Amino acid sequence: MESKPHLRFAPSPTGYLHIGGARTALFNWLYARRFGGSFVLRMEDTDRERSTPESVRAILDGLRWLGIDWDEGPEVGGPHGPYFQSERIPLYRETAERLVRDGHAYRCYCTKEELDERRKAFEKMGRPYKYEGTCRSRKDEPDRPFVIRLRLPDSGAVRFDDVVCGAIRKDVDDLYDEVLCRSDYVPLYDFGCVVDDHAMGITLVGRGQEHINSTFPQLVLYEYLGFAPPRFAHFPLILGPDREKLSKRLHPEADVMLHRKNGVLPDALLNFIVRLGWSHGNDEVISREQMIAWFDFDHVGTTSGVWNPEKLLWLNQQYLKAARPEELEGQFAEQLRARGWPVPDGGRLRGIIRAQQERSHTLAEMADLSAYFFAEPARDPKAAEKFLTAASRPALERIRDGLGKLAPFEPAAVEALFKATAEALGLGLGKVAQPVRVALTGGTVSPPIHDLVALLGKETALARLDRALAEIR
């Protein structure tokens, strides 16, 4: 292992931060953090039609929400900038022309129409098409549109030892002279990666298994340019619940920030995605600090990870239970605002969170369970029929009168009132609490009755009890 590993995450900013991209960033970030290295964020924004500033912002926001910071990159800077490929065109031009001069690349003048015709001809024969090297010996025609293609060796094989997958090889005959850049020197993926990874001093490239085939032409480029190649680690795929590759088109859960909207905590999502391809014994709940202390590519597997929504909800519930209420205030407030509800002061907000933590899988569920704190609840007819009856009127009236006189209006005093009422009426505590619960929340489930009443506040509690009493016939 290198003494100071230098790793990167290089997304294409053409949409939101994908879960697969987030896991790639996480694995590289963890390795850099564990072994005292550095982590670089680079934007491969050369798709001029699809790359947008909004997508750049979405990626930056997603990484920051997850708590994945970068030592070099956009909004941070660093010694290897610029960190947008669109700003590095002169370097690609210089490198591409050097490859052409050295005979390792050539200008290709085949038009798209010509290539499409050849591809169709091969398809009719039931054979896959790969570029035949038509322009390898063609003289330069500077006035014609061109692309620059890699000139592969005539024979041999390309081999490398993958940190995750082991020894991998491919015969040159199975490759083709792929396009490195267009005539404006905007690079395609394989060329831009090699140029930038070398210029930025990247020592290990960690990415998904779908990029294994890109490694072969990249290694040829490293050799042609006299660059020492980095090590490579290719991570297993992530599959959706339907066992198809997790994709933006098929799987809404591929969007990192959708989980924020759904009330998942960032540490819980990190815990979930780190286990999609990496393990540490039988540990399931793994803190960020433990991830950093334990992570290594030795325990990254080669089998695809499958998205399990139930597992994510279970993990998130563990994090919700363990969190201090003040740690959840910000995201819980987001949920309330999204529903158009007022955000109460910090003490009451934390009280509601504390009262609902044990019962919630997500902050969105916590908000939904807490609706009666913020809006007049609809009454469950069955609950009203069972508990808001003439028989329950004495208990409701006694509680209503007692609450009106209660000071201070806090859980201990409320609890004492309920116990005294039950004793005076010769009833079990539940016979008093449940009608009050239905009157206050519309249903039969809530936090403990004394917490519920105190959090609602005297004015709201009295108004709802009055309404319930008026409805009892």
# chains A, B, ... in the order shown; residues from 1 in each chain; ligands from 1
call {"tool": "residues_around", "arguments": {"residues": "Trp341 of chain A", "least_positions_apart": "3", "cutoff": "8 Å", "atoms": "only C-alpha atoms", "output": "ChimeraX atom specification"}}
result
/A:336-338,374-375
call {"tool": "closest_atom_pairs", "arguments": {"of": "segment 207-279 of chain A", "to": "segment 285-288 of chain A", "cutoff": "12 Å", "atoms": "only C-alpha atoms", "output": "JSON lines"}}
result
{"residue": "A:Pro266", "atom": "CA", "partner": "A:Arg288", "partner_atom": "CA", "distance": 10.2}
{"residue": "A:Asp267", "atom": "CA", "partner": "A:Arg288", "partner_atom": "CA", "distance": 7.0}
{"residue": "A:Ala268", "atom": "CA", "partner": "A:Val285", "partner_atom": "CA", "distance": 8.4}
{"residue": "A:Leu269", "atom": "CA", "partner": "A:Arg288", "partner_atom": "CA", "distance": 10.8}
{"residue": "A:Leu270", "atom": "CA", "partner": "A:Arg288", "partner_atom": "CA", "distance": 7.9}
{"residue": "A:Asn271", "atom": "CA", "partner": "A:Ile286", "partner_atom": "CA", "distance": 6.0}
{"residue": "A:Phe272", "atom": "CA", "partner": "A:Val285", "partner_atom": "CA", "distance": 8.6}
{"residue": "A:Ile273", "atom": "CA", "partner": "A:Ile286", "partner_atom": "CA", "distance": 11.1}
{"residue": "A:Val274", "atom": "CA", "partner": "A:Ile286", "partner_atom": "CA", "distance": 9.1}
{"residue": "A:Arg275", "atom": "CA", "partner": "A:Ile286", "partner_atom": "CA", "distance": 9.2}
{"residue": "A:Trp278", "atom": "CA", "partner": "A:Ile286", "partner_atom": "CA", "distance": 11.5}
{"residue": "A:Ser279", "atom": "CA", "partner": "A:Ile286", "partner_atom": "CA", "distance": 9.9}
call {"tool": "write_last_selection", "arguments": {"atoms": "all heavy atoms", "output": "short mmCIF file (atom, residue, chain, number, x, y, z; two decimals), in the first residue's frame"}}
result
data_model
loop_
_atom_site.label_atom_id
_atom_site.label_comp_id
_atom_site.auth_asym_id
_atom_site.auth_seq_id
_atom_site.Cartn_x
_atom_site.Cartn_y
_atom_site.Cartn_z
N PRO A 266 -28.61 10.58 7.21
CA PRO A 266 -27.43 10.35 6.36
C PRO A 266 -26.54 9.22 6.88
O PRO A 266 -26.03 8.42 6.09
CB PRO A 266 -26.71 11.70 6.35
CG PRO A 266 -27.30 12.48 7.48
CD PRO A 266 -28.68 11.98 7.67
N ASP A 267 -26.35 9.13 8.18
CA ASP A 267 -25.51 8.06 8.71
C ASP A 267 -26.13 6.68 8.48
O ASP A 267 -25.42 5.70 8.26
CB ASP A 267 -25.24 8.27 10.20
CG ASP A 267 -24.14 9.28 10.45
OD1 ASP A 267 -23.59 9.82 9.46
OD2 ASP A 267 -23.81 9.55 11.62
N ALA A 268 -27.46 6.61 8.54
CA ALA A 268 -28.13 5.34 8.28
C ALA A 268 -27.97 4.95 6.81
O ALA A 268 -27.74 3.77 6.50
CB ALA A 268 -29.60 5.44 8.65
N LEU A 269 -28.10 5.92 5.90
CA LEU A 269 -27.94 5.61 4.48
C LEU A 269 -26.50 5.20 4.18
O LEU A 269 -26.26 4.26 3.42
CB LEU A 269 -28.35 6.81 3.62
CG LEU A 269 -28.40 6.56 2.11
CD1 LEU A 269 -29.38 5.44 1.78
CD2 LEU A 269 -28.78 7.83 1.36
N LEU A 270 -25.53 5.88 4.79
CA LEU A 270 -24.13 5.47 4.63
C LEU A 270 -23.93 4.05 5.10
O LEU A 270 -23.27 3.23 4.44
CB LEU A 270 -23.20 6.40 5.41
CG LEU A 270 -22.79 7.73 4.81
CD1 LEU A 270 -21.72 8.37 5.68
CD2 LEU A 270 -22.28 7.58 3.39
N ASN A 271 -24.46 3.73 6.28
CA ASN A 271 -24.35 2.39 6.84
C ASN A 271 -24.94 1.36 5.87
O ASN A 271 -24.37 0.30 5.64
CB ASN A 271 -25.07 2.36 8.18
CG ASN A 271 -24.84 1.09 8.99
OD1 ASN A 271 -25.02 1.10 10.20
ND2 ASN A 271 -24.48 -0.01 8.37
N PHE A 272 -26.08 1.71 5.28
CA PHE A 272 -26.75 0.80 4.37
C PHE A 272 -25.93 0.58 3.10
O PHE A 272 -25.72 -0.57 2.68
CB PHE A 272 -28.12 1.36 4.02
CG PHE A 272 -28.91 0.49 3.07
CD1 PHE A 272 -29.47 -0.70 3.50
CD2 PHE A 272 -29.09 0.88 1.75
CE1 PHE A 272 -30.20 -1.49 2.63
CE2 PHE A 272 -29.81 0.09 0.88
CZ PHE A 272 -30.38 -1.10 1.31
N ILE A 273 -25.44 1.66 2.49
CA ILE A 273 -24.74 1.48 1.21
C ILE A 273 -23.34 0.91 1.39
O ILE A 273 -22.83 0.25 0.49
CB ILE A 273 -24.71 2.78 0.37
CG1 ILE A 273 -23.93 3.89 1.05
CG2 ILE A 273 -26.11 3.23 0.03
CD1 ILE A 273 -23.79 5.15 0.19
N VAL A 274 -22.71 1.14 2.55
CA VAL A 274 -21.38 0.56 2.74
C VAL A 274 -21.47 -0.96 2.79
O VAL A 274 -20.53 -1.67 2.40
CB VAL A 274 -20.68 1.11 4.01
CG1 VAL A 274 -21.16 0.41 5.27
CG2 VAL A 274 -19.15 1.00 3.90
N ARG A 275 -22.63 -1.48 3.23
CA ARG A 275 -22.82 -2.92 3.31
C ARG A 275 -23.24 -3.53 1.97
O ARG A 275 -23.36 -4.75 1.87
CB ARG A 275 -23.87 -3.24 4.37
CG ARG A 275 -23.47 -2.88 5.80
CD ARG A 275 -22.50 -3.91 6.40
NE ARG A 275 -23.23 -5.11 6.79
CZ ARG A 275 -23.21 -6.27 6.16
NH1 ARG A 275 -22.48 -6.42 5.07
NH2 ARG A 275 -23.90 -7.30 6.59
N TRP A 278 -19.46 -4.49 0.91
CA TRP A 278 -18.38 -4.59 1.91
C TRP A 278 -18.98 -5.10 3.20
O TRP A 278 -20.15 -4.86 3.51
CB TRP A 278 -17.77 -3.21 2.13
CG TRP A 278 -16.73 -3.16 3.24
CD1 TRP A 278 -15.41 -3.49 3.14
CD2 TRP A 278 -16.94 -2.74 4.59
NE1 TRP A 278 -14.79 -3.31 4.36
CE2 TRP A 278 -15.70 -2.85 5.27
CE3 TRP A 278 -18.05 -2.29 5.30
CZ2 TRP A 278 -15.54 -2.52 6.60
CZ3 TRP A 278 -17.90 -1.96 6.65
CH2 TRP A 278 -16.66 -2.07 7.28
N SER A 279 -18.19 -5.82 3.96
CA SER A 279 -18.69 -6.34 5.24
C SER A 279 -17.58 -6.32 6.27
O SER A 279 -16.38 -6.27 5.94
CB SER A 279 -19.20 -7.78 5.07
OG SER A 279 -18.14 -8.65 4.67
#
call {"tool": "closest_residue", "arguments": {"among": "A:Glu97, A:Glu397, A:Asp380, A:Glu310", "to": "Asp466 of chain A", "atoms": "only C-alpha atoms"}}
result
A:Glu397
call {"tool": "atom_distance", "arguments": {"atom1": "atom CA of Phe235 of chain A", "atom2": "atom CA of Gly208 of chain A"}}
result
4.5 Å
call {"tool": "residues_around", "arguments": {"residues": "segment 48-64 of chain A", "least_positions_apart": "4", "cutoff": "9 Å", "atoms": "only C-alpha atoms", "output": "PyMOL selection string"}}
result
chain A and resi 11-18+22+25+43-44+68-69+74+86+256-257
call {"tool": "write_last_selection", "arguments": {"atoms": "all heavy atoms", "output": "short mmCIF file (atom, residue, chain, number, x, y, z; two decimals), in the first residue's frame"}}
result
data_model
loop_
_atom_site.label_atom_id
_atom_site.label_comp_id
_atom_site.auth_asym_id
_atom_site.auth_seq_id
_atom_site.Cartn_x
_atom_site.Cartn_y
_atom_site.Cartn_z
N PRO A 11 -17.57 12.10 -10.84
CA PRO A 11 -18.89 11.92 -11.46
C PRO A 11 -19.08 12.78 -12.69
O PRO A 11 -18.44 13.82 -12.87
CB PRO A 11 -19.84 12.37 -10.34
CG PRO A 11 -19.05 13.42 -9.60
CD PRO A 11 -17.63 12.94 -9.63
N SER A 12 -20.00 12.35 -13.53
CA SER A 12 -20.45 13.17 -14.65
C SER A 12 -21.71 13.90 -14.20
O SER A 12 -22.70 13.27 -13.85
CB SER A 12 -20.76 12.27 -15.85
OG SER A 12 -21.28 13.02 -16.93
N PRO A 13 -21.69 15.22 -14.16
CA PRO A 13 -22.83 15.98 -13.60
C PRO A 13 -23.98 16.11 -14.59
O PRO A 13 -24.23 17.16 -15.17
CB PRO A 13 -22.21 17.33 -13.27
CG PRO A 13 -21.11 17.49 -14.27
CD PRO A 13 -20.58 16.11 -14.52
N THR A 14 -24.70 14.99 -14.76
CA THR A 14 -25.81 14.97 -15.72
C THR A 14 -27.13 14.66 -15.02
O THR A 14 -28.10 14.28 -15.67
CB THR A 14 -25.56 13.92 -16.81
OG1 THR A 14 -25.34 12.64 -16.20
CG2 THR A 14 -24.34 14.30 -17.63
N GLY A 15 -27.18 14.80 -13.71
CA GLY A 15 -28.40 14.53 -12.95
C GLY A 15 -28.08 14.49 -11.47
O GLY A 15 -27.05 15.01 -11.03
N TYR A 16 -28.94 13.86 -10.70
CA TYR A 16 -28.73 13.79 -9.26
C TYR A 16 -27.60 12.84 -8.89
O TYR A 16 -27.10 12.09 -9.73
CB TYR A 16 -30.03 13.38 -8.57
CG TYR A 16 -30.62 12.05 -9.01
CD1 TYR A 16 -29.99 10.83 -8.69
CD2 TYR A 16 -31.83 12.00 -9.70
CE1 TYR A 16 -30.55 9.63 -9.06
CE2 TYR A 16 -32.39 10.78 -10.07
CZ TYR A 16 -31.75 9.59 -9.75
OH TYR A 16 -32.30 8.39 -10.10
N LEU A 17 -27.19 12.87 -7.63
CA LEU A 17 -26.18 11.94 -7.14
C LEU A 17 -26.82 10.56 -7.00
O LEU A 17 -27.74 10.35 -6.22
CB LEU A 17 -25.64 12.41 -5.79
CG LEU A 17 -24.61 11.47 -5.12
CD1 LEU A 17 -23.37 11.28 -6.00
CD2 LEU A 17 -24.21 12.01 -3.75
N HIS A 18 -26.32 9.61 -7.77
CA HIS A 18 -26.83 8.24 -7.80
C HIS A 18 -26.27 7.47 -6.60
O HIS A 18 -25.14 7.70 -6.17
CB HIS A 18 -26.39 7.59 -9.11
CG HIS A 18 -26.99 6.26 -9.40
ND1 HIS A 18 -26.54 5.09 -8.80
CD2 HIS A 18 -27.99 5.89 -10.23
CE1 HIS A 18 -27.24 4.07 -9.26
NE2 HIS A 18 -28.13 4.53 -10.13
N ALA A 22 -22.62 7.42 -4.99
CA ALA A 22 -22.38 7.71 -3.58
C ALA A 22 -21.56 6.61 -2.92
O ALA A 22 -20.65 6.87 -2.12
CB ALA A 22 -23.70 7.89 -2.85
N ALA A 25 -17.97 6.95 -4.09
CA ALA A 25 -17.34 8.04 -3.34
C ALA A 25 -17.03 7.59 -1.92
O ALA A 25 -15.93 7.86 -1.40
CB ALA A 25 -18.26 9.26 -3.32
N MET A 43 -15.08 16.86 -11.51
CA MET A 43 -16.30 16.82 -12.33
C MET A 43 -15.96 16.54 -13.79
O MET A 43 -15.26 17.33 -14.43
CB MET A 43 -17.05 18.15 -12.23
CG MET A 43 -17.64 18.43 -10.86
SD MET A 43 -19.03 17.33 -10.52
CE MET A 43 -19.31 17.72 -8.79
N GLU A 44 -16.45 15.42 -14.31
CA GLU A 44 -16.23 15.07 -15.71
C GLU A 44 -17.41 15.61 -16.51
O GLU A 44 -18.33 14.89 -16.90
CB GLU A 44 -16.04 13.56 -15.85
CG GLU A 44 -14.83 13.08 -15.03
CD GLU A 44 -14.39 11.67 -15.33
OE1 GLU A 44 -15.19 10.90 -15.90
OE2 GLU A 44 -13.24 11.32 -15.00
N ILE A 68 -19.62 13.31 3.25
CA ILE A 68 -18.41 12.92 2.51
C ILE A 68 -17.75 14.21 2.03
O ILE A 68 -18.21 14.85 1.08
CB ILE A 68 -18.77 12.00 1.33
CG1 ILE A 68 -19.41 10.71 1.83
CG2 ILE A 68 -17.52 11.69 0.50
CD1 ILE A 68 -19.89 9.77 0.73
N ASP A 69 -16.69 14.61 2.71
CA ASP A 69 -15.99 15.84 2.33
C ASP A 69 -14.82 15.52 1.41
O ASP A 69 -14.40 14.37 1.29
CB ASP A 69 -15.53 16.61 3.58
CG ASP A 69 -14.61 15.77 4.46
OD1 ASP A 69 -14.53 14.53 4.27
OD2 ASP A 69 -13.96 16.34 5.36
N PRO A 74 -14.07 21.11 -6.43
CA PRO A 74 -14.91 22.31 -6.53
C PRO A 74 -15.19 22.91 -5.15
O PRO A 74 -15.44 22.19 -4.18
CB PRO A 74 -16.21 21.77 -7.16
CG PRO A 74 -15.77 20.56 -7.92
CD PRO A 74 -14.68 19.95 -7.11
N SER A 86 -14.01 20.43 -18.35
CA SER A 86 -14.24 21.44 -19.38
C SER A 86 -13.22 22.57 -19.31
O SER A 86 -13.05 23.31 -20.29
CB SER A 86 -15.65 22.02 -19.25
OG SER A 86 -15.84 22.59 -17.95
N VAL A 256 -30.03 9.74 -4.22
CA VAL A 256 -29.60 9.92 -2.83
C VAL A 256 -30.53 10.87 -2.07
O VAL A 256 -30.96 10.59 -0.95
CB VAL A 256 -28.15 10.43 -2.78
CG1 VAL A 256 -27.80 10.98 -1.40
CG2 VAL A 256 -27.18 9.31 -3.14
N MET A 257 -30.85 12.00 -2.69
CA MET A 257 -31.60 13.02 -1.96
C MET A 257 -33.07 12.67 -1.78
O MET A 257 -33.76 13.29 -0.96
CB MET A 257 -31.44 14.37 -2.64
CG MET A 257 -30.01 14.89 -2.61
SD MET A 257 -29.32 15.03 -0.94
CE MET A 257 -29.70 16.75 -0.59
#
call {"tool": "residues_around", "arguments": {"residues": "segment 408-419 of chain A", "least_positions_apart": "5", "cutoff": "8 Å", "atoms": "only C-alpha atoms", "output": "JSON, numbers by chain"}}
result
{"A": [399, 402, 403, 429, 432, 433, 449, 450, 451, 453, 454, 457, 458]}
